[in-house]
$ cat input-v9.cif   # mmCIF, C-alpha atoms
data_data
#
loop_
_atom_site.label_atom_id
_atom_site.label_comp_id
_atom_site.auth_asym_id
_atom_site.auth_seq_id
_atom_site.Cartn_x
_atom_site.Cartn_y
_atom_site.Cartn_z
CA MET A 1 -0.46 -13.12 -24.59
CA ALA A 2 -2.67 -10.91 -22.54
CA SER A 3 -0.92 -8.12 -20.73
CA SER A 4 -0.18 -8.53 -17.04
CA ILE A 5 -1.30 -4.94 -16.60
CA ARG A 6 -4.81 -3.61 -16.34
CA VAL A 7 -5.20 0.11 -15.98
CA ARG A 8 -7.97 2.65 -15.86
CA ALA A 9 -7.00 6.29 -16.25
CA THR A 10 -9.81 8.80 -16.09
CA ALA A 11 -9.45 12.52 -16.77
CA SER A 12 -11.84 14.69 -14.82
CA GLY A 13 -11.36 18.44 -14.75
CA GLU A 14 -7.69 19.15 -14.17
CA THR A 15 -6.90 15.79 -12.66
CA THR A 16 -6.34 12.34 -14.08
CA GLU A 17 -6.94 9.44 -11.72
CA VAL A 18 -5.07 6.22 -12.40
CA GLN A 19 -5.83 2.76 -11.04
CA ALA A 20 -3.59 -0.12 -12.01
CA LEU A 21 -3.80 -3.82 -11.30
CA ILE A 22 -0.87 -6.04 -12.22
CA GLN A 23 -0.83 -9.84 -12.26
CA HIS A 24 2.20 -10.98 -10.32
CA PRO A 25 2.79 -13.61 -7.58
CA MET A 26 4.67 -11.12 -5.35
CA ASP A 27 6.29 -14.01 -3.43
CA SER A 28 7.76 -12.60 -0.26
CA GLY A 29 10.45 -15.20 0.29
CA PHE A 30 9.00 -16.03 3.73
CA VAL A 31 6.30 -18.48 2.63
CA LYS A 32 6.91 -22.24 2.43
CA ASN A 33 5.48 -24.53 -0.22
CA SER A 34 3.69 -27.82 0.52
CA LYS A 35 7.07 -29.58 0.88
CA GLY A 36 8.15 -27.13 3.55
CA GLU A 37 10.66 -25.39 1.28
CA LEU A 38 10.83 -21.62 1.20
CA ILE A 39 9.47 -20.14 -2.01
CA PRO A 40 12.19 -17.70 -3.11
CA PRO A 41 11.29 -14.01 -3.29
CA HIS A 42 9.74 -13.03 -6.61
CA HIS A 43 8.25 -9.57 -6.65
CA ILE A 44 7.94 -6.46 -8.74
CA GLU A 45 10.53 -3.83 -7.76
CA THR A 46 9.64 -0.83 -9.87
CA VAL A 47 6.58 0.40 -11.72
CA GLN A 48 6.73 3.54 -13.81
CA PHE A 49 3.87 5.59 -15.20
CA GLU A 50 4.64 8.01 -18.05
CA THR A 51 2.56 10.39 -20.07
CA GLY A 52 3.48 13.23 -22.41
CA GLY A 53 7.15 12.24 -22.18
CA LYS A 54 7.15 12.72 -18.43
CA VAL A 55 7.23 10.24 -15.55
CA VAL A 56 4.21 11.04 -13.39
CA PHE A 57 4.57 8.29 -10.77
CA THR A 58 7.10 5.66 -9.73
CA ALA A 59 6.37 2.80 -7.37
CA LEU A 60 9.20 1.04 -5.55
CA TRP A 61 7.87 -2.22 -4.18
CA GLY A 62 9.25 -4.70 -1.68
CA PRO A 63 8.04 -8.24 -1.04
CA ALA A 64 5.30 -6.96 1.34
CA VAL A 65 3.14 -5.66 -1.49
CA SER A 66 0.14 -7.97 -1.95
CA LYS A 67 -0.15 -10.53 -4.73
CA ASP A 68 -1.58 -9.07 -7.94
CA PRO A 69 -0.75 -5.55 -6.75
CA TYR A 70 -3.12 -2.62 -6.98
CA VAL A 71 -2.16 1.02 -6.88
CA LYS A 72 -4.09 4.25 -7.27
CA PHE A 73 -2.78 7.79 -7.67
CA SER A 74 -3.69 10.98 -9.50
CA PHE A 75 -1.89 13.75 -11.32
CA LYS A 76 -2.67 17.18 -12.68
CA GLY A 77 -3.00 17.34 -16.44
CA GLY A 78 -3.69 14.55 -18.86
CA LYS A 79 -6.69 14.57 -21.11
CA LYS A 80 -8.95 12.14 -22.87
CA GLY A 81 -7.10 10.21 -25.56
CA ASP A 82 -3.60 10.83 -24.16
CA ASP A 83 -1.32 7.82 -23.89
CA LEU A 84 -0.31 6.56 -20.47
CA LYS A 85 2.54 4.05 -20.47
CA ILE A 86 2.96 1.67 -17.57
CA SER A 87 6.02 -0.54 -17.19
CA TRP A 88 7.25 -2.82 -14.42
CA VAL A 89 10.43 -4.76 -13.66
CA ASP A 90 10.73 -7.56 -11.09
CA ASN A 91 13.63 -8.94 -9.05
CA LYS A 92 14.28 -11.69 -11.61
CA GLY A 93 14.64 -9.17 -14.42
CA ALA A 94 11.25 -9.93 -15.95
CA SER A 95 9.28 -6.95 -17.17
CA ASP A 96 6.13 -5.92 -18.94
CA SER A 97 4.66 -2.72 -20.24
CA MET A 98 1.51 -1.45 -21.86
CA THR A 99 0.09 1.80 -23.07
CA ALA A 100 -3.44 2.80 -22.18
CA LYS A 101 -5.54 5.70 -23.36
CA ILE A 102 -6.71 8.19 -20.77
CA GLN A 103 -10.52 8.15 -20.75
CA MET B 220 71.64 -6.45 -23.63
CA ASN B 221 70.65 -3.13 -22.42
CA THR B 222 68.09 -2.92 -25.19
CA SER B 223 66.60 -6.33 -24.53
CA HIS B 224 66.42 -5.54 -20.84
CA HIS B 225 64.62 -2.38 -21.77
CA TYR B 226 62.29 -4.32 -24.01
CA SER B 227 61.40 -6.91 -21.43
CA ARG B 228 60.79 -4.23 -18.85
CA ARG B 229 58.58 -2.37 -21.23
CA ARG B 230 56.81 -5.55 -22.15
CA PHE B 231 56.34 -6.34 -18.49
CA LEU B 232 54.83 -2.92 -17.93
CA VAL B 233 52.51 -3.33 -20.90
CA LEU B 234 51.45 -6.77 -19.73
CA THR B 235 50.87 -5.50 -16.20
CA ALA B 236 48.79 -2.65 -17.52
CA LEU B 237 46.80 -5.06 -19.70
CA ALA B 238 46.26 -7.46 -16.81
CA GLY B 239 45.13 -4.52 -14.71
CA ALA B 240 42.70 -3.40 -17.38
CA VAL B 241 41.31 -6.91 -17.74
CA ALA B 242 40.95 -7.24 -13.97
CA ALA B 243 39.19 -3.89 -13.79
CA GLY B 244 36.93 -4.98 -16.60
CA MET B 245 36.13 -8.19 -14.78
CA ASP B 246 35.33 -6.24 -11.63
CA ALA B 247 33.01 -4.01 -13.60
CA LEU B 248 31.32 -7.06 -15.10
CA ARG B 249 30.97 -8.66 -11.71
CA ALA B 250 29.49 -5.45 -10.33
CA VAL B 251 26.97 -5.43 -13.16
CA ALA B 252 26.15 -9.10 -12.55
CA ALA B 253 25.65 -8.44 -8.84
CA PHE B 254 23.11 -5.76 -9.57
CA ALA B 255 21.51 -7.36 -12.60
CA ALA B 256 18.89 -9.02 -10.42
CA ASP B 257 17.51 -5.74 -9.12
CA ALA B 258 15.62 -3.20 -11.19
CA ALA B 259 17.37 0.10 -11.88
CA GLY B 260 16.71 2.59 -9.14
CA TRP B 261 15.31 0.05 -6.68
CA PRO B 262 16.71 0.87 -3.20
CA ALA B 263 17.64 -2.69 -2.14
CA ASP B 264 19.26 -1.62 1.14
CA ALA B 265 16.23 0.35 2.30
CA PHE B 266 14.02 -2.70 1.74
CA LYS B 267 16.25 -4.77 4.05
CA GLN B 268 15.95 -2.55 7.15
CA LYS B 269 14.27 -3.82 10.30
CA SER B 270 13.22 -0.55 11.92
CA GLU B 271 11.31 2.46 10.62
CA ALA B 272 14.13 4.81 11.64
CA ASP B 273 16.74 2.75 9.79
CA ALA B 274 14.54 2.43 6.70
CA ALA B 275 13.95 6.22 6.63
CA LYS B 276 17.65 6.86 7.15
CA THR B 277 18.65 4.46 4.38
CA LEU B 278 16.02 5.71 1.94
CA TYR B 279 16.09 9.44 2.66
CA GLY B 280 19.15 9.98 4.86
CA LYS B 281 17.11 11.60 7.59
CA THR B 282 14.64 11.09 10.44
CA PHE B 283 10.89 11.75 10.50
CA GLU B 284 8.57 13.51 12.92
CA PRO B 285 4.80 13.03 13.36
CA SER B 286 2.51 15.47 11.56
CA ASP B 287 -1.28 15.84 11.52
CA LYS B 288 -0.92 16.82 7.86
CA VAL B 289 -0.16 13.22 6.95
CA LYS B 290 -3.28 11.11 6.65
CA LEU B 291 -3.08 7.34 6.89
CA ASP B 292 -6.17 5.30 6.06
CA ALA B 293 -6.02 1.69 7.12
CA PRO B 294 -8.58 -0.69 8.61
CA GLU B 295 -8.80 -1.11 12.41
CA ILE B 296 -8.96 -4.84 11.87
CA ALA B 297 -7.69 -6.69 8.82
CA GLU B 298 -9.29 -10.09 8.49
CA ASN B 299 -6.78 -11.12 5.86
CA GLY B 300 -3.21 -9.97 6.43
CA ALA B 301 -2.34 -10.88 2.85
CA VAL B 302 -4.40 -8.00 1.46
CA VAL B 303 -4.61 -4.93 3.67
CA PRO B 304 -5.83 -1.82 1.85
CA ILE B 305 -3.79 1.21 2.90
CA SER B 306 -4.00 4.78 1.63
CA VAL B 307 -1.77 7.73 2.41
CA SER B 308 -2.35 11.37 1.55
CA SER B 309 -1.00 14.68 2.71
CA THR B 310 -1.86 18.36 2.61
CA LEU B 311 1.81 19.28 3.01
CA PRO B 312 3.33 21.33 0.17
CA ASN B 313 5.92 20.04 -2.31
CA VAL B 314 5.54 16.37 -1.50
CA THR B 315 8.19 14.36 -3.35
CA SER B 316 7.83 10.90 -1.85
CA ILE B 317 5.47 8.70 0.18
CA SER B 318 6.63 5.52 1.91
CA ILE B 319 4.68 2.94 3.87
CA MET B 320 6.24 0.81 6.59
CA VAL B 321 4.87 -2.09 8.60
CA LYS B 322 6.69 -2.28 11.93
CA GLU B 323 6.18 -6.00 12.63
CA ASN B 324 6.98 -7.27 9.14
CA PRO B 325 10.36 -9.01 8.63
CA TYR B 326 11.48 -5.95 6.66
CA VAL B 327 9.64 -2.78 7.64
CA LEU B 328 9.58 -0.94 4.31
CA ALA B 329 6.70 -2.21 2.20
CA ALA B 330 6.42 0.35 -0.59
CA SER B 331 7.77 3.74 -1.54
CA TYR B 332 6.36 6.08 -4.17
CA LYS B 333 8.07 8.93 -5.99
CA ILE B 334 5.78 11.92 -6.42
CA PRO B 335 7.01 14.30 -9.13
CA GLU B 336 5.76 17.87 -9.35
CA GLY B 337 2.19 17.84 -10.67
CA THR B 338 1.30 14.50 -9.09
CA ASN B 339 -1.01 14.63 -6.08
CA ALA B 340 0.26 13.59 -2.67
CA ALA B 341 -2.09 10.63 -2.39
CA VAL B 342 -1.63 6.93 -3.00
CA SER B 343 -3.63 3.78 -2.31
CA ASN B 344 -2.29 0.25 -2.37
CA ARG B 345 -2.62 -3.19 -0.78
CA LEU B 346 0.02 -4.61 1.51
CA LYS B 347 0.81 -7.84 3.34
CA MET B 348 1.02 -7.79 7.12
CA ALA B 349 2.59 -10.67 9.04
CA LYS B 350 0.66 -9.84 12.24
CA THR B 351 -0.93 -7.01 14.20
CA SER B 352 1.34 -4.02 13.76
CA GLN B 353 1.80 -0.30 13.67
CA VAL B 354 1.68 0.95 10.09
CA VAL B 355 3.76 4.07 9.52
CA ALA B 356 3.33 6.44 6.59
CA VAL B 357 6.28 8.70 5.87
CA VAL B 358 5.91 11.70 3.59
CA GLU B 359 8.79 13.77 2.24
CA SER B 360 7.81 17.43 1.92
CA GLY B 361 10.19 20.28 1.22
CA GLY B 362 13.13 18.00 1.97
CA LYS B 363 11.82 17.00 5.43
CA LEU B 364 10.08 13.84 6.59
CA TYR B 365 6.72 13.71 8.33
CA SER B 366 4.81 10.68 9.52
CA ALA B 367 1.51 9.28 10.68
CA SER B 368 0.94 5.88 12.22
CA LYS B 369 -1.91 3.58 13.07
CA GLU B 370 -2.25 0.12 14.56
CA VAL B 371 -3.89 -2.47 12.35
CA LYS B 372 -5.05 -5.67 14.05
CA VAL B 373 -4.50 -8.71 11.88
CA THR B 374 -6.54 -11.83 12.56
CA VAL B 375 -4.89 -14.05 9.91
CA GLY B 376 -1.28 -13.18 9.05
CA GLY B 377 -0.31 -12.48 5.48
CA CYS B 378 3.17 -13.92 5.43
CA GLY B 379 1.99 -17.51 5.31
CA GLY B 380 3.91 -20.60 6.37
#

$ encode --input "input-v9.cif" --output "C-alpha coordinates"
Amino acid sequence: MASSIRVRATASGETTEVQALIQHPMDSGFVKNSKGELIPPHHIETVQFETGGKVVFTALWGPAVSKDPYVKFSFKGGKKGDDLKISWVDNKGASDSMTAKIQ
Amino acid sequence: MNTSHHYSRRRFLVLTALAGAVAAGMDALRAVAAFAADAAGWPADAFKQKSEADAAKTLYGKTFEPSDKVKLDAPEIAENGAVVPISVSSTLPNVTSISIMVKENPYVLAASYKIPEGTNAAVSNRLKMAKTSQVVAVVESGGKLYSASKEVKVTVGGCGG
(Lines of atoms letter the chains of each structure in order from A and count residues from 1; the text may use other names and numbers.)
(Lines give C-alpha, C1' and ligand atoms only; values in the text may rest on other atoms or scores of the structure.)
Protein backbone atom coordinates (compact mmCIF):
# COMPACT_ATOMS: atom_id res chain seq x y z
CA MET A 1 0.00 0.00 0.00
CA ALA A 2 1.20 3.44 -0.82
CA SER A 3 2.33 5.49 2.13
CA SER A 4 -0.03 8.10 3.53
CA ILE A 5 2.97 10.41 3.79
CA ARG A 6 4.55 12.47 1.08
CA VAL A 7 7.57 14.49 2.02
CA ARG A 8 10.12 16.69 0.35
CA ALA A 9 13.22 17.57 2.33
CA THR A 10 15.75 19.79 0.62
CA ALA A 11 19.16 20.69 2.01
CA SER A 12 20.41 24.10 1.00
CA GLY A 13 23.45 25.58 2.68
CA GLU A 14 23.13 25.02 6.41
CA THR A 15 19.39 24.55 6.39
CA THR A 16 17.11 21.70 5.43
CA GLU A 17 13.56 22.64 4.49
CA VAL A 18 10.88 20.01 4.99
CA GLN A 19 7.40 19.94 3.48
CA ALA A 20 5.08 17.10 4.36
CA LEU A 21 1.63 16.18 3.12
CA ILE A 22 -0.27 13.40 4.86
CA GLN A 23 -3.45 11.73 3.64
CA HIS A 24 -5.92 11.74 6.50
CA PRO A 25 -9.64 12.66 6.82
CA MET A 26 -9.00 14.89 9.89
CA ASP A 27 -12.69 14.65 10.87
CA SER A 28 -13.37 17.34 13.43
CA GLY A 29 -16.30 15.69 15.17
CA PHE A 30 -18.50 18.72 14.39
CA VAL A 31 -19.55 17.75 10.86
CA LYS A 32 -22.72 15.76 10.13
CA ASN A 33 -23.06 13.12 7.45
CA SER A 34 -25.91 12.98 4.91
CA LYS A 35 -28.15 11.29 7.51
CA GLY A 36 -27.63 14.15 9.93
CA GLU A 37 -25.43 12.10 12.26
CA LEU A 38 -22.24 13.58 13.63
CA ILE A 39 -19.12 12.05 12.11
CA PRO A 40 -16.97 11.18 15.14
CA PRO A 41 -13.61 12.94 15.49
CA HIS A 42 -10.83 11.18 13.60
CA HIS A 43 -7.64 13.16 13.36
CA ILE A 44 -3.89 12.87 13.61
CA GLU A 45 -2.62 13.86 17.07
CA THR A 46 1.14 13.72 16.74
CA VAL A 47 3.64 13.83 13.90
CA GLN A 48 7.32 13.39 14.58
CA PHE A 49 10.26 14.16 12.30
CA GLU A 50 13.62 12.55 13.12
CA THR A 51 17.01 12.65 11.52
CA GLY A 52 20.43 11.59 12.74
CA GLY A 53 18.86 10.02 15.83
CA LYS A 54 17.35 13.33 16.87
CA VAL A 55 13.78 14.62 16.81
CA VAL A 56 13.86 17.86 14.83
CA PHE A 57 10.16 18.71 14.87
CA THR A 58 6.97 17.53 16.57
CA ALA A 59 3.48 18.53 15.52
CA LEU A 60 0.59 18.25 17.97
CA TRP A 61 -2.63 18.48 16.00
CA GLY A 62 -6.23 18.98 17.04
CA PRO A 63 -9.34 18.45 14.93
CA ALA A 64 -9.01 21.97 13.40
CA VAL A 65 -6.10 20.97 11.19
CA SER A 66 -7.30 20.70 7.58
CA LYS A 67 -7.99 17.41 5.81
CA ASP A 68 -4.88 15.91 4.22
CA PRO A 69 -2.67 18.09 6.42
CA TYR A 70 0.32 20.02 5.16
CA VAL A 71 3.18 21.29 7.25
CA LYS A 72 6.44 23.06 6.46
CA PHE A 73 9.40 23.76 8.72
CA SER A 74 13.18 23.94 8.49
CA PHE A 75 16.14 22.95 10.62
CA LYS A 76 19.85 23.58 10.71
CA GLY A 77 21.96 20.65 9.57
CA GLY A 78 20.96 17.72 7.45
CA LYS A 79 22.64 16.96 4.18
CA LYS A 80 21.86 15.29 0.91
CA GLY A 81 21.30 11.57 1.33
CA ASP A 82 20.51 11.71 5.06
CA ASP A 83 17.44 9.82 6.23
CA LEU A 84 14.47 11.74 7.55
CA LYS A 85 11.87 9.63 9.33
CA ILE A 86 8.31 10.86 9.63
CA SER A 87 5.73 9.11 11.79
CA TRP A 88 2.18 9.98 12.82
CA VAL A 89 -0.38 8.62 15.28
CA ASP A 90 -4.10 9.44 15.24
CA ASN A 91 -6.80 9.48 17.93
CA LYS A 92 -7.92 5.94 17.02
CA GLY A 93 -4.43 4.57 17.51
CA ALA A 94 -3.70 4.22 13.80
CA SER A 95 -0.24 5.20 12.68
CA ASP A 96 2.06 5.33 9.71
CA SER A 97 5.69 6.15 9.12
CA MET A 98 8.11 6.51 6.26
CA THR A 99 11.71 7.41 5.74
CA ALA A 100 12.70 9.87 3.05
CA LYS A 101 16.11 10.90 1.80
CA ILE A 102 17.08 14.53 2.15
CA GLN A 103 17.69 15.92 -1.34
CA MET B 1 -7.14 -22.75 68.38
CA ASN B 2 -4.78 -19.97 68.84
CA THR B 3 -2.76 -21.23 65.91
CA SER B 4 -5.71 -21.60 63.59
CA HIS B 5 -6.90 -18.14 64.55
CA HIS B 6 -3.46 -16.91 63.72
CA TYR B 7 -3.55 -18.74 60.43
CA SER B 8 -6.90 -17.38 59.38
CA ARG B 9 -5.86 -13.88 60.31
CA ARG B 10 -2.70 -14.25 58.33
CA ARG B 11 -4.61 -15.72 55.45
CA PHE B 12 -7.05 -12.86 55.63
CA LEU B 13 -4.20 -10.38 55.49
CA VAL B 14 -2.64 -12.17 52.54
CA LEU B 15 -5.96 -12.28 50.72
CA THR B 16 -6.59 -8.60 51.44
CA ALA B 17 -3.16 -7.72 50.15
CA LEU B 18 -3.74 -9.81 47.03
CA ALA B 19 -7.14 -8.25 46.44
CA GLY B 20 -5.54 -4.85 46.86
CA ALA B 21 -2.82 -5.69 44.37
CA VAL B 22 -5.36 -6.98 41.86
CA ALA B 23 -7.51 -3.86 42.32
CA ALA B 24 -4.47 -1.64 41.84
CA GLY B 25 -3.57 -3.61 38.76
CA MET B 26 -7.07 -3.18 37.40
CA ASP B 27 -6.89 0.55 38.05
CA ALA B 28 -3.62 0.72 36.19
CA LEU B 29 -5.14 -1.20 33.30
CA ARG B 30 -8.16 1.05 33.26
CA ALA B 31 -5.90 4.10 33.28
CA VAL B 32 -4.01 2.70 30.31
CA ALA B 33 -7.28 1.93 28.50
CA ALA B 34 -8.53 5.46 29.14
CA PHE B 35 -5.46 6.93 27.52
CA ALA B 36 -5.00 4.32 24.81
CA ALA B 37 -7.06 6.39 22.38
CA ASP B 38 -4.72 9.36 22.50
CA ALA B 39 -1.21 9.42 21.11
CA ALA B 40 1.63 9.62 23.64
CA GLY B 41 2.45 13.20 24.50
CA TRP B 42 -0.71 14.66 22.97
CA PRO B 43 -2.03 17.38 25.33
CA ALA B 44 -5.73 16.39 25.27
CA ASP B 45 -6.78 18.97 27.88
CA ALA B 46 -5.19 21.87 26.02
CA PHE B 47 -7.10 20.92 22.87
CA LYS B 48 -10.41 21.13 24.78
CA GLN B 49 -10.06 24.75 25.96
CA LYS B 50 -12.46 27.43 24.76
CA SER B 51 -10.35 30.55 25.25
CA GLU B 52 -6.82 31.46 24.18
CA ALA B 53 -5.84 32.27 27.77
CA ASP B 54 -7.08 28.90 29.04
CA ALA B 55 -5.39 27.03 26.20
CA ALA B 56 -2.06 28.79 26.88
CA LYS B 57 -2.42 28.14 30.60
CA THR B 58 -3.20 24.46 30.07
CA LEU B 59 -0.46 23.94 27.50
CA TYR B 60 2.32 26.10 28.96
CA GLY B 61 1.12 27.02 32.45
CA LYS B 62 1.45 30.73 31.76
CA THR B 63 -0.01 33.77 30.01
CA PHE B 64 1.15 35.48 26.81
CA GLU B 65 1.80 39.07 25.83
CA PRO B 66 1.81 40.61 22.32
CA SER B 67 5.17 41.00 20.61
CA ASP B 68 6.15 42.52 17.26
CA LYS B 69 8.78 39.77 17.03
CA VAL B 70 6.08 37.21 16.34
CA LYS B 71 4.98 37.20 12.72
CA LEU B 72 1.65 35.72 11.72
CA ASP B 73 0.88 35.29 8.04
CA ALA B 74 -2.74 34.57 7.24
CA PRO B 75 -5.06 35.73 4.48
CA GLU B 76 -7.32 38.77 5.03
CA ILE B 77 -10.17 36.80 3.53
CA ALA B 78 -10.38 33.02 3.37
CA GLU B 79 -12.81 31.89 0.72
CA ASN B 80 -12.76 28.36 2.06
CA GLY B 81 -12.69 28.00 5.83
CA ALA B 82 -11.78 24.34 5.48
CA VAL B 83 -8.30 25.17 4.22
CA VAL B 84 -6.80 28.38 5.55
CA PRO B 85 -3.03 28.65 5.02
CA ILE B 86 -1.37 30.06 8.13
CA SER B 87 2.33 30.62 8.81
CA VAL B 88 4.04 31.70 12.00
CA SER B 89 7.64 32.75 12.45
CA SER B 90 9.61 34.63 15.05
CA THR B 91 12.92 36.43 15.44
CA LEU B 92 12.86 35.81 19.19
CA PRO B 93 15.78 33.78 20.59
CA ASN B 94 15.51 30.23 21.95
CA VAL B 95 12.07 29.47 20.59
CA THR B 96 10.88 26.11 21.92
CA SER B 97 7.25 26.02 20.81
CA ILE B 98 4.76 27.62 18.41
CA SER B 99 1.00 27.27 18.84
CA ILE B 100 -1.84 28.51 16.68
CA MET B 101 -5.29 29.28 18.04
CA VAL B 102 -8.53 30.21 16.31
CA LYS B 103 -10.70 32.22 18.71
CA GLU B 104 -14.10 31.39 17.19
CA ASN B 105 -13.53 27.67 16.68
CA PRO B 106 -15.31 25.27 19.08
CA TYR B 107 -11.92 24.53 20.64
CA VAL B 108 -9.43 27.38 20.23
CA LEU B 109 -6.17 25.42 20.00
CA ALA B 110 -5.68 24.19 16.44
CA ALA B 111 -2.05 23.08 16.36
CA SER B 112 1.07 23.24 18.48
CA TYR B 113 4.62 22.57 17.35
CA LYS B 114 7.66 21.66 19.41
CA ILE B 115 10.78 23.42 18.19
CA PRO B 116 13.97 21.74 19.45
CA GLU B 117 17.30 23.54 19.43
CA GLY B 118 18.56 23.75 15.85
CA THR B 119 15.09 23.95 14.31
CA ASN B 120 14.05 27.34 12.95
CA ALA B 121 11.23 29.26 14.57
CA ALA B 122 8.98 29.08 11.52
CA VAL B 123 6.09 26.83 10.59
CA SER B 124 3.43 26.79 7.89
CA ASN B 125 0.25 24.74 7.94
CA ARG B 126 -3.40 24.72 6.89
CA LEU B 127 -6.21 25.04 9.38
CA LYS B 128 -10.00 24.88 9.48
CA MET B 129 -11.93 27.96 10.58
CA ALA B 130 -15.60 27.74 11.53
CA LYS B 131 -16.21 31.45 10.79
CA THR B 132 -14.55 34.86 10.73
CA SER B 133 -12.19 34.94 13.68
CA GLN B 134 -9.09 36.28 15.29
CA VAL B 135 -6.18 33.91 14.75
CA VAL B 136 -3.61 34.00 17.53
CA ALA B 137 -0.05 32.75 17.23
CA VAL B 138 1.72 32.03 20.50
CA VAL B 139 5.48 31.56 20.60
CA GLU B 140 7.42 30.27 23.60
CA SER B 141 10.84 31.92 23.82
CA GLY B 142 13.20 31.69 26.77
CA GLY B 143 10.39 30.27 28.89
CA LYS B 144 8.00 33.17 28.18
CA LEU B 145 5.04 33.43 25.83
CA TYR B 146 4.62 36.04 23.12
CA SER B 147 1.78 36.43 20.66
CA ALA B 148 0.57 38.01 17.46
CA SER B 149 -2.99 38.03 16.19
CA LYS B 150 -4.87 38.80 13.03
CA GLU B 151 -8.50 38.68 11.93
CA VAL B 152 -9.27 36.35 9.07
CA LYS B 153 -12.64 36.81 7.36
CA VAL B 154 -14.19 33.52 6.35
CA THR B 155 -16.82 33.51 3.62
CA VAL B 156 -17.62 29.76 3.78
CA GLY B 157 -17.06 28.10 7.17
CA GLY B 158 -14.82 25.08 7.44
CA CYS B 159 -16.60 23.16 10.14
CA GLY B 160 -19.37 21.96 7.86
CA GLY B 161 -22.84 20.82 8.86

$ resolve_selection --input "input-v9.cif" --expression "the PyMOL selection byres ((chain A and resi 48-50) around 8)" --output "ChimeraX atom specification"
/A:46-47,51-59,84-88

$ write_last_selection --input "input-v9.cif" --atoms "C-alpha atoms" --output "PDB file, in the frame of the given file"
ATOM      1  CA  THR A  46       9.640  -0.830  -9.870  1.00  0.00           C
ATOM      2  CA  VAL A  47       6.580   0.400 -11.720  1.00  0.00           C
ATOM      3  CA  THR A  51       2.560  10.390 -20.070  1.00  0.00           C
ATOM      4  CA  GLY A  52       3.480  13.230 -22.410  1.00  0.00           C
ATOM      5  CA  GLY A  53       7.150  12.240 -22.180  1.00  0.00           C
ATOM      6  CA  LYS A  54       7.150  12.720 -18.430  1.00  0.00           C
ATOM      7  CA  VAL A  55       7.230  10.240 -15.550  1.00  0.00           C
ATOM      8  CA  VAL A  56       4.210  11.040 -13.390  1.00  0.00           C
ATOM      9  CA  PHE A  57       4.570   8.290 -10.770  1.00  0.00           C
ATOM     10  CA  THR A  58       7.100   5.660  -9.730  1.00  0.00           C
ATOM     11  CA  ALA A  59       6.370   2.800  -7.370  1.00  0.00           C
ATOM     12  CA  LEU A  84      -0.310   6.560 -20.470  1.00  0.00           C
ATOM     13  CA  LYS A  85       2.540   4.050 -20.470  1.00  0.00           C
ATOM     14  CA  ILE A  86       2.960   1.670 -17.570  1.00  0.00           C
ATOM     15  CA  SER A  87       6.020  -0.540 -17.190  1.00  0.00           C
ATOM     16  CA  TRP A  88       7.250  -2.820 -14.420  1.00  0.00           C
TER      17      TRP A  88
END

$ closest_atom_pairs --input "input-v9.cif" --of "chain A" --to "chain B" --cutoff "8 Å" --atoms "all atoms listed in the file" --output "tab-separated table"
residue	atom	partner	partner_atom	distance
A:Ser28	CA	B:Cys378	CA	7.4
A:Phe30	CA	B:Cys378	CA	6.4
A:Val31	CA	B:Gly380	CA	4.9
A:Lys32	CA	B:Gly380	CA	5.2
A:Asn33	CA	B:Gly380	CA	7.8
A:Glu45	CA	B:Ala258	CA	6.2
A:Thr46	CA	B:Trp261	CA	6.6
A:Val55	CA	B:Pro335	CA	7.6
A:Val56	CA	B:Pro335	CA	6.1
A:Phe57	CA	B:Ile334	CA	5.8
A:Thr58	CA	B:Lys333	CA	5.1
A:Ala59	CA	B:Tyr332	CA	4.6
A:Leu60	CA	B:Ser331	CA	5.0
A:Trp61	CA	B:Ala330	CA	4.6
A:Gly62	CA	B:Ala329	CA	5.3
A:Pro63	CA	B:Ala329	CA	7.0
A:Ala64	CA	B:Lys347	CA	5.0
A:Val65	CA	B:Leu346	CA	4.5
A:Ser66	CA	B:Leu346	CA	4.8
A:Lys67	CA	B:Ala301	CA	7.9
A:Pro69	CA	B:Arg345	CA	6.7
A:Tyr70	CA	B:Asn344	CA	5.5
A:Val71	CA	B:Asn344	CA	4.6
A:Lys72	CA	B:Ser343	CA	5.0
A:Phe73	CA	B:Val342	CA	4.9
A:Ser74	CA	B:Asn339	CA	5.7
A:Phe75	CA	B:Thr338	CA	4.0
A:Lys76	CA	B:Gly337	CA	5.3
A:Gly77	CA	B:Gly337	CA	7.8
A:Val89	CA	B:Ala258	CA	6.0
A:Asp90	CA	B:Ala258	CA	6.6
A:Asn91	CA	B:Asp257	CA	5.0
A:Lys92	CA	B:Ala256	CA	5.5
A:Gly93	CA	B:Ala256	CA	5.8

$ residues_around --input "input-v9.cif" --residues "segment 357-367 of chain B" --least-positions-apart "5" --cutoff "8 Å" --atoms "all atoms listed in the file" --output "PyMOL selection string"
chain B and resi 281-287+289-291+309+311-320

$ residues_around --input "input-v9.cif" --residues "Lys79 of chain A" --least-positions-apart "4" --cutoff "10 Å" --atoms "all atoms listed in the file" --output "number ranges by chain"
A: 9-16, 83, 101-103

$ atom_distance --input "input-v9.cif" --atom1 "atom CA of Val373 of chain B" --atom2 "atom CA of Lys35 of chain A"
26.3 Å

$ residues_near_point --input "input-v9.cif" --point "(-10.8, -10.1, 9.9)" --cutoff "10 Å" --atoms "all atoms listed in the file" --output "list of chain:residue names"
B:Pro294, B:Glu295, B:Ile296, B:Ala297, B:Glu298, B:Asn299, B:Gly300, B:Lys372, B:Val373, B:Thr374, B:Val375

$ write_last_selection --input "input-v9.cif" --atoms "C-alpha atoms" --output "PDB file, keeping the file's coordinate frame"
ATOM      1  CA  PRO B 294      -8.580  -0.690   8.610  1.00  0.00           C
ATOM      2  CA  GLU B 295      -8.800  -1.110  12.410  1.00  0.00           C
ATOM      3  CA  ILE B 296      -8.960  -4.840  11.870  1.00  0.00           C
ATOM      4  CA  ALA B 297      -7.690  -6.690   8.820  1.00  0.00           C
ATOM      5  CA  GLU B 298      -9.290 -10.090   8.490  1.00  0.00           C
ATOM      6  CA  ASN B 299      -6.780 -11.120   5.860  1.00  0.00           C
ATOM      7  CA  GLY B 300      -3.210  -9.970   6.430  1.00  0.00           C
ATOM      8  CA  LYS B 372      -5.050  -5.670  14.050  1.00  0.00           C
ATOM      9  CA  VAL B 373      -4.500  -8.710  11.880  1.00  0.00           C
ATOM     10  CA  THR B 374      -6.540 -11.830  12.560  1.00  0.00           C
ATOM     11  CA  VAL B 375      -4.890 -14.050   9.910  1.00  0.00           C
TER      12      VAL B 375
END
